[in-house]
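Coordinates from coords_25.json are shown below (JSON, C-alpha atoms).
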[["chain", "number", "residue", "atom", "x", "y", "z"],
["A", 30, "MET", "CA", 21.64, -17.32, 22.99],
["A", 31, "ALA", "CA", 21.49, -15.13, 19.91],
["A", 32, "GLU", "CA", 21.64, -11.45, 20.73],
["A", 33, "ASN", "CA", 18.27, -10.74, 19.12],
["A", 34, "THR", "CA", 16.28, -13.30, 21.13],
["A", 35, "LEU", "CA", 14.99, -13.30, 24.67],
["A", 36, "THR", "CA", 13.62, -16.32, 26.53],
["A", 37, "VAL", "CA", 11.51, -15.91, 29.67],
["A", 38, "THR", "CA", 9.41, -18.29, 31.77],
["A", 39, "VAL", "CA", 5.84, -17.16, 32.36],
["A", 40, "ALA", "CA", 3.65, -18.90, 34.93],
["A", 41, "TYR", "CA", -0.06, -19.02, 34.09],
["A", 42, "GLY", "CA", -2.10, -20.92, 36.66],
["A", 43, "THR", "CA", -0.21, -24.16, 37.36],
["A", 44, "THR", "CA", 1.49, -24.17, 33.94],
["A", 45, "LYS", "CA", 4.86, -22.63, 33.14],
["A", 46, "HIS", "CA", 5.41, -21.43, 29.58],
["A", 47, "SER", "CA", 8.86, -20.88, 28.12],
["A", 48, "ILE", "CA", 8.46, -17.94, 25.73],
["A", 49, "THR", "CA", 11.20, -17.02, 23.25],
["A", 50, "LEU", "CA", 10.87, -13.64, 21.56],
["A", 51, "THR", "CA", 12.86, -12.49, 18.56],
["A", 52, "ALA", "CA", 13.70, -8.85, 17.89],
["A", 53, "GLN", "CA", 11.80, -7.41, 14.91],
["A", 54, "ASP", "CA", 13.59, -5.11, 12.43],
["A", 55, "GLY", "CA", 16.43, -4.62, 14.87],
["A", 56, "HIS", "CA", 14.10, -3.51, 17.69],
["A", 57, "GLU", "CA", 14.26, -5.44, 20.93],
["A", 58, "PRO", "CA", 11.12, -7.32, 22.05],
["A", 59, "LEU", "CA", 8.31, -5.17, 23.48],
["A", 60, "LEU", "CA", 5.70, -5.99, 26.11],
["A", 61, "LYS", "CA", 3.08, -6.30, 23.34],
["A", 62, "ASP", "CA", 5.25, -8.96, 21.62],
["A", 63, "LEU", "CA", 5.24, -10.97, 24.87],
["A", 64, "CYS", "CA", 1.45, -10.55, 25.20],
["A", 65, "GLU", "CA", 0.91, -11.77, 21.62],
["A", 66, "ALA", "CA", 3.10, -14.83, 22.31],
["A", 67, "LEU", "CA", 1.15, -15.48, 25.53],
["A", 68, "THR", "CA", -2.15, -15.33, 23.62],
["A", 69, "GLU", "CA", -0.77, -18.04, 21.29],
["A", 70, "ALA", "CA", 0.43, -20.14, 24.24],
["A", 71, "THR", "CA", -2.53, -19.75, 26.61],
["A", 72, "GLY", "CA", -5.53, -18.59, 24.57],
["A", 73, "VAL", "CA", -5.93, -15.54, 26.83],
["A", 74, "PRO", "CA", -6.49, -12.44, 24.64],
["A", 75, "ALA", "CA", -3.96, -9.62, 25.16],
["A", 76, "PRO", "CA", -6.54, -7.09, 26.54],
["A", 77, "SER", "CA", -7.48, -9.62, 29.26],
["A", 78, "GLN", "CA", -3.89, -10.31, 30.31],
["A", 79, "LYS", "CA", -2.18, -8.94, 33.38],
["A", 80, "VAL", "CA", 1.58, -9.55, 33.15],
["A", 81, "ILE", "CA", 3.39, -9.36, 36.50],
["A", 82, "PHE", "CA", 7.14, -9.04, 37.03],
["A", 83, "LYS", "CA", 8.74, -8.61, 40.46],
["A", 84, "GLY", "CA", 5.32, -7.86, 41.97],
["A", 85, "LYS", "CA", 4.48, -5.10, 39.47],
["A", 86, "SER", "CA", 1.83, -5.21, 36.76],
["A", 87, "LEU", "CA", 3.36, -4.22, 33.39],
["A", 88, "LYS", "CA", 1.11, -1.91, 31.37],
["A", 89, "GLU", "CA", 3.07, 0.05, 28.71],
["A", 90, "MET", "CA", 2.61, -2.16, 25.64],
["A", 91, "ASP", "CA", 5.16, -0.32, 23.47],
["A", 92, "GLU", "CA", 7.86, -0.41, 26.13],
["A", 93, "PRO", "CA", 10.81, -2.77, 25.50],
["A", 94, "LEU", "CA", 10.89, -5.61, 28.05],
["A", 95, "SER", "CA", 14.42, -4.52, 29.03],
["A", 96, "GLY", "CA", 12.85, -1.22, 30.16],
["A", 97, "PHE", "CA", 11.08, -3.15, 32.93],
["A", 98, "GLY", "CA", 14.33, -4.89, 33.84],
["A", 99, "VAL", "CA", 13.35, -8.15, 32.14],
["A", 100, "LYS", "CA", 16.43, -10.17, 31.13],
["A", 101, "GLN", "CA", 17.20, -13.56, 29.61],
["A", 102, "GLY", "CA", 15.82, -16.38, 31.79],
["A", 103, "CYS", "CA", 13.64, -14.12, 33.99],
["A", 104, "LYS", "CA", 10.53, -15.57, 35.62],
["A", 105, "MET", "CA", 7.23, -13.76, 35.21],
["A", 106, "MET", "CA", 3.57, -14.36, 35.88],
["A", 107, "MET", "CA", 0.38, -13.80, 33.91],
["A", 108, "ILE", "CA", -3.21, -13.79, 35.08],
["A", 109, "GLY", "CA", -6.22, -13.49, 32.83],
["A", 110, "LYS", "CA", -9.34, -15.18, 31.59],
["A", 111, "ARG", "CA", -9.68, -17.09, 28.34],
["A", 112, "ASN", "CA", -12.52, -16.18, 26.01],
["A", 113, "SER", "CA", -15.57, -18.45, 26.01],
["A", 114, "PRO", "CA", -15.81, -20.89, 23.05],
["A", 115, "GLU", "CA", -18.71, -18.74, 21.76],
["A", 116, "GLU", "CA", -16.52, -15.60, 21.71],
["A", 117, "GLU", "CA", -13.65, -17.54, 20.11],
["A", 118, "ALA", "CA", -16.05, -18.61, 17.32],
["A", 119, "GLU", "CA", -17.02, -14.96, 16.69],
["A", 120, "LEU", "CA", -13.33, -13.94, 16.80],
["A", 121, "LYS", "CA", -12.57, -16.52, 14.13],
["A", 122, "LYS", "CA", -15.31, -15.03, 11.91],
["A", 123, "LEU", "CA", -13.76, -11.57, 12.41],
["A", 124, "LYS", "CA", -10.27, -12.90, 11.58],
["A", 125, "ASP", "CA", -11.62, -14.43, 8.35],
["A", 126, "ILE", "CA", -13.24, -11.09, 7.48],
["A", 127, "GLU", "CA", -9.90, -9.38, 8.24],
["A", 128, "LYS", "CA", -8.20, -11.66, 5.67],
["A", 129, "SER", "CA", -10.80, -10.63, 3.04],
["A", 130, "VAL", "CA", -10.10, -6.96, 3.88],
["A", 131, "GLU", "CA", -6.34, -7.50, 3.43],
["A", 132, "GLN", "CA", -6.79, -9.31, 0.09],
["A", 133, "THR", "CA", -9.09, -6.58, -1.30],
["A", 134, "ALA", "CA", -6.74, -3.87, -0.01],
["A", 135, "LYS", "CA", -3.84, -5.49, -1.92],
["A", 136, "LYS", "CA", -5.89, -5.37, -5.15],
["A", 137, "LEU", "CA", -6.63, -1.70, -4.51],
["A", 138, "GLU", "CA", -2.94, -0.97, -3.86],
["A", 139, "LYS", "CA", -2.09, -2.57, -7.22],
["A", 140, "VAL", "CA", -4.63, -0.34, -9.02],
["A", 141, "ASP", "CA", -3.19, 2.73, -7.28],
["A", 142, "GLY", "CA", 0.33, 1.77, -8.38],
["A", 143, "GLU", "CA", -0.77, 1.23, -11.98],
["A", 144, "LEU", "CA", -2.57, 4.59, -11.98],
["A", 145, "THR", "CA", 0.62, 6.31, -10.79],
["A", 146, "GLY", "CA", 2.48, 4.58, -13.61],
["A", 147, "LEU", "CA", -0.06, 5.85, -16.16],
["A", 148, "LYS", "CA", 0.20, 9.39, -14.80],
["A", 149, "ASN", "CA", 3.96, 9.16, -15.20],
["A", 150, "GLY", "CA", 3.50, 8.26, -18.86],
["A", 151, "PHE", "CA", 4.50, 4.59, -18.72],
["A", 152, "LEU", "CA", 1.98, 3.79, -21.47],
["A", 153, "ALA", "CA", 1.44, 5.15, -24.99],
["A", 154, "LYS", "CA", -1.12, 7.98, -24.99],
["A", 155, "GLU", "CA", -3.52, 6.15, -27.33],
["A", 156, "LEU", "CA", -3.71, 3.17, -24.94],
["A", 157, "GLN", "CA", -4.22, 5.20, -21.78],
["A", 158, "ALA", "CA", -8.00, 5.75, -22.01],
["A", 159, "GLU", "CA", -8.68, 2.01, -22.35],
["A", 160, "ALA", "CA", -6.27, 1.21, -19.47],
["A", 161, "LEU", "CA", -7.92, 3.86, -17.26],
["A", 162, "ASN", "CA", -11.39, 2.45, -17.92],
["A", 163, "LYS", "CA", -10.15, -1.01, -16.89],
["A", 164, "LEU", "CA", -8.63, 0.43, -13.71],
["A", 165, "ASP", "CA", -11.90, 2.23, -12.97],
["A", 166, "HIS", "CA", -13.75, -1.09, -13.30],
["A", 167, "ARG", "CA", -11.31, -2.76, -10.87],
["A", 168, "VAL", "CA", -11.74, 0.04, -8.31],
["A", 169, "LYS", "CA", -15.52, -0.30, -8.52],
["A", 170, "ILE", "CA", -15.22, -4.08, -7.89],
["A", 171, "ALA", "CA", -12.96, -3.42, -4.85],
["A", 172, "SER", "CA", -15.43, -0.81, -3.58],
["A", 173, "GLU", "CA", -18.32, -3.30, -3.91],
["A", 174, "GLN", "CA", -16.29, -5.95, -2.05],
["A", 175, "PHE", "CA", -15.58, -3.51, 0.79],
["A", 176, "MET", "CA", -19.31, -2.64, 0.98],
["A", 177, "LYS", "CA", -20.19, -6.36, 1.21],
["A", 178, "ILE", "CA", -17.56, -6.80, 3.95],
["A", 179, "LEU", "CA", -19.10, -3.88, 5.89],
["A", 180, "GLU", "CA", -22.52, -5.54, 5.65],
["A", 181, "GLU", "CA", -20.96, -8.81, 6.85],
["A", 182, "ILE", "CA", -19.38, -7.06, 9.87],
["A", 183, "ASP", "CA", -22.63, -5.23, 10.61],
["A", 184, "ALA", "CA", -24.56, -8.52, 10.60],
["A", 185, "LEU", "CA", -22.44, -9.84, 13.49],
["A", 186, "ASN", "CA", -24.47, -9.49, 16.67],
["A", 187, "LEU", "CA", -22.01, -9.41, 19.54],
["A", 188, "PRO", "CA", -23.03, -9.51, 23.22],
["A", 189, "GLU", "CA", -21.78, -6.68, 25.45],
["A", 190, "SER", "CA", -19.46, -9.10, 27.28],
["A", 191, "PHE", "CA", -17.50, -9.98, 24.10],
["A", 192, "ASN", "CA", -15.03, -7.12, 24.61],
["A", 193, "ASP", "CA", -12.26, -8.59, 22.47],
["A", 194, "CYS", "CA", -14.66, -9.15, 19.56],
["A", 195, "ARG", "CA", -16.25, -5.72, 19.88],
["A", 196, "MET", "CA", -12.83, -4.03, 19.77],
["A", 197, "LYS", "CA", -11.81, -6.03, 16.69],
["A", 198, "LYS", "CA", -15.15, -5.30, 15.00],
["A", 199, "LYS", "CA", -14.74, -1.56, 15.65],
["A", 200, "GLY", "CA", -11.19, -1.61, 14.25],
["A", 201, "LEU", "CA", -12.31, -3.49, 11.12],
["A", 202, "VAL", "CA", -15.17, -1.07, 10.44],
["A", 203, "LYS", "CA", -12.73, 1.85, 10.71],
["A", 204, "ALA", "CA", -10.23, 0.15, 8.37],
["A", 205, "VAL", "CA", -12.87, -0.68, 5.75],
["A", 206, "GLN", "CA", -14.25, 2.89, 5.85],
["A", 207, "GLY", "CA", -10.70, 4.13, 5.25],
["A", 208, "PHE", "CA", -10.32, 1.84, 2.22],
["A", 209, "LEU", "CA", -13.69, 2.98, 0.84],
["A", 210, "ALA", "CA", -12.49, 6.58, 1.07],
["A", 211, "GLN", "CA", -9.32, 5.49, -0.78],
["A", 212, "CYS", "CA", -11.50, 3.91, -3.51],
["A", 213, "ASP", "CA", -13.29, 7.26, -3.97],
["A", 214, "LYS", "CA", -9.95, 9.07, -4.13],
["A", 215, "ILE", "CA", -8.55, 6.67, -6.77],
["A", 216, "GLU", "CA", -11.78, 6.89, -8.81],
["A", 217, "ALA", "CA", -11.52, 10.68, -8.74],
["A", 218, "GLY", "CA", -7.87, 10.41, -9.87],
["A", 219, "ILE", "CA", -8.88, 8.16, -12.78],
["A", 220, "SER", "CA", -11.70, 10.54, -13.86],
["A", 221, "ASP", "CA", -9.33, 13.48, -13.63],
["A", 222, "HIS", "CA", -6.67, 11.79, -15.78],
["A", 223, "LEU", "CA", -9.29, 10.65, -18.32],
["A", 224, "ALA", "CA", -10.58, 14.22, -18.61],
["A", 225, "LYS", "CA", -7.02, 15.48, -19.24],
["A", 226, "ILE", "CA", -6.44, 12.90, -21.99],
["A", 227, "GLN", "CA", -9.79, 13.69, -23.64],
["A", 228, "SER", "CA", -9.18, 17.44, -23.58],
["A", 229, "LYS", "CA", -5.71, 16.90, -25.11],
["A", 230, "ASN", "CA", -7.22, 14.69, -27.82],
["A", 231, "LEU", "CA", -9.87, 17.34, -28.57],
["A", 232, "ALA", "CA", -7.17, 19.99, -28.82],
["A", 233, "LEU", "CA", -5.27, 17.81, -31.30],
["A", 234, "VAL", "CA", -8.41, 17.30, -33.42],
["A", 235, "GLU", "CA", -9.11, 21.02, -33.51]]

Show me this structure written as structure tokens.
Amino acid sequence: MAENTLTVTVAYGTTKHSITLTAQDGHEPLLKDLCEALTEATGVPAPSQKVIFKGKSLKEMDEPLSGFGVKQGCKMMMIGKRNSPEEEAELKKLKDIEKSVEQTAKKLEKVDGELTGLKNGFLAKELQAEALNKLDHRVKIASEQFMKILEEIDALNLPESFNDCRMKKKGLVKAVQGFLAQCDKIEAGISDHLAKIQSKNLALVE
């Protein structure tokens, strides 16, 4: 066995699952890593799982498995209920929306990086105003996309019992609101830099 992997056997119902976890960034596997792997293997969402080892229910998600005394080859047990097909369908919609959020966020990050470059003088002064206007346009497009995504999330009507979906929906709304605030901040930065360039140009003319 490689030092950075851990294999355990987890019984769920009448099925036994052999789960191999790999350490991430030098950190040993955590309970949450095991729960994520169990979701993949069994279809039971992490919040609905109850992982039991030596008669104790493990709860601290950020705790390394070794902290509970879990070693290579240990046997564990998991109980929990799978989501209904209806909830899984809604979860898939939310995961697709999450991908759209990530793609739009990457575009926004690129604009932010280019703006920083402009502020640091990586472009000739006479070309900066045009470049800033293009960046401003790109931020506005990202902002519109985030607004559409919010409307899409809002349109999802989730029953009270769809706990997993409701948690994911709440997290997505929070993330999108954060990105919208970032759009406003970048737009303000662009306006500010444009104003500085224009005032410098006016000073040169005078």

task: Just give me the gap between CA of Glu116 (chain A) and CA of Lys198 (chain A) in Å, one decimal is fine.
output: 12.4 Å

Answer as JSON, numbers by chain, residues within 9 Å of (-2.1, -9.4, 28.9) using all atoms listed in the file: {"A": [60, 61, 63, 64, 65, 67, 68, 73, 74, 75, 76, 77, 78, 79, 80, 87, 88, 107, 108, 109]}

The centre and edge lengths of an axis-aligned box containing all atoms of region 191-206 of chain A present in the file, extended by 8 Å on each side, are to be given in Å to one decimal, as JSON.
{"center_x": -13.9, "center_y": -3.5, "center_z": 15.2, "size_x": 23.3, "size_y": 28.9, "size_z": 34.9}

Report as JSON lines: every residue of region 37-63 of chain A with an atom at most 9 Å from region 95-101 of chain A, its closest pair of atoms, and their distance in Å to one decimal, counting all atoms listed in the file, with rows sorted by chain and ascending residue number.
{"residue": "A:Val37", "atom": "CA", "partner": "A:Gln101", "partner_atom": "CA", "distance": 6.2}
{"residue": "A:Glu57", "atom": "CA", "partner": "A:Ser95", "partner_atom": "CA", "distance": 8.2}
{"residue": "A:Pro58", "atom": "CA", "partner": "A:Ser95", "partner_atom": "CA", "distance": 8.2}
{"residue": "A:Leu59", "atom": "CA", "partner": "A:Ser95", "partner_atom": "CA", "distance": 8.3}

task: May I ask which of the residues A:Leu123, A:Leu144, A:Leu94, A:Ala217 is the closest one to Lys163 (chain A), counting all atoms listed in the file?
output: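 Smallest distance to Lys163 (chain A) is found for A:Leu144.
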
- request: Can you pull out every residue within 8 Å of Ala158 (chain A), counting all atoms listed in the file, but drop anything in the same chain fewer than 3 positions away, and send it as a list in words?
  value: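 Contacts, in chain order: Lys154, Glu155, Leu161, Asn162, Leu223 and Ile226 of chain A.
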
- request: Grab the CA of Asp183 (chain A) to CA of Glu117 (chain A) distance for me, in Å with one decimal place.
  value: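 Distance between the two atoms: 18.0 Å.
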
- prompt: Of the candidates A:Met105, A:Ala210, A:Pro188, A:Val130, which shows the shortest atom-to-atom distance to Thr44 (chain A), using only C-alpha atoms?
  reply: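 Looking at the shortest contact to Thr44 (chain A), the residue is A:Met105.
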
- prompt: CA of Val39 (chain A) to CA of Glu119 (chain A): how many Å, to one decimal?
  reply: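 Pair CA of Val39 (chain A) / CA of Glu119 (chain A) returns 27.8 Å.
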
- request: Would you please work out which residue, of A:Lys139, A:Ser172, A:Gln227, A:Ala118, is nearest to Glu159 (chain A) when using all atoms listed in the file?
  value: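 With all atoms listed in the file as the atom set, the closest residue is A:Gln227.
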
- prompt: Which is closer to Thr38 (chain A) than all the others in A:Lys110, A:Lys135, A:Lys104, A:Lys169, using only C-alpha atoms?
  reply: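 Going through A:Lys110, A:Lys135, A:Lys104, A:Lys169 one by one, the smallest distance to Thr38 (chain A) is for A:Lys104.
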
Residues proximal to (-17.6, -7.2, 4.9) were defined as those with any atom within 9 Å of that point in the file's coordinates, counting all atoms listed in the file. Which are they, as a PDB file with C-alpha atoms, in the frame of the given file?
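Here's the written file point_27.pdb:
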ATOM      1  CA  ILE A 126     -13.240 -11.090   7.480  1.00  0.00           C
ATOM      2  CA  GLU A 127      -9.900  -9.380   8.240  1.00  0.00           C
ATOM      3  CA  SER A 129     -10.800 -10.630   3.040  1.00  0.00           C
ATOM      4  CA  VAL A 130     -10.100  -6.960   3.880  1.00  0.00           C
ATOM      5  CA  GLN A 174     -16.290  -5.950  -2.050  1.00  0.00           C
ATOM      6  CA  PHE A 175     -15.580  -3.510   0.790  1.00  0.00           C
ATOM      7  CA  MET A 176     -19.310  -2.640   0.980  1.00  0.00           C
ATOM      8  CA  LYS A 177     -20.190  -6.360   1.210  1.00  0.00           C
ATOM      9  CA  ILE A 178     -17.560  -6.800   3.950  1.00  0.00           C
ATOM     10  CA  LEU A 179     -19.100  -3.880   5.890  1.00  0.00           C
ATOM     11  CA  GLU A 180     -22.520  -5.540   5.650  1.00  0.00           C
ATOM     12  CA  GLU A 181     -20.960  -8.810   6.850  1.00  0.00           C
ATOM     13  CA  ILE A 182     -19.380  -7.060   9.870  1.00  0.00           C
ATOM     14  CA  ASP A 183     -22.630  -5.230  10.610  1.00  0.00           C
ATOM     15  CA  LEU A 201     -12.310  -3.490  11.120  1.00  0.00           C
ATOM     16  CA  VAL A 202     -15.170  -1.070  10.440  1.00  0.00           C
ATOM     17  CA  VAL A 205     -12.870  -0.680   5.750  1.00  0.00           C
TER      18      VAL A 205
END

- prompt: Taking into account all atoms listed in the file, which residue in the set A:Ser86, A:Ser220, A:Thr71, A:Asn112 is nearest to Lys148 (chain A)?
  reply: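 Closest to Lys148 (chain A), using all atoms listed in the file: A:Ser220.
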
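Minimum atom-to-atom distance to Ala171 (chain A), evaluated using only C-alpha atoms, belongs to A:Val140 out of A:Leu147, A:Cys194, A:Val140, A:Ala153.
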
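Once Asp193 (chain A) and its same-chain neighbours fewer than 2 positions away are set aside, A:Pro74, A:Pro76, A:Leu120, A:Phe191, A:Arg195, A:Met196, A:Lys197 remain within 8 Å of it when counting only C-alpha atoms.
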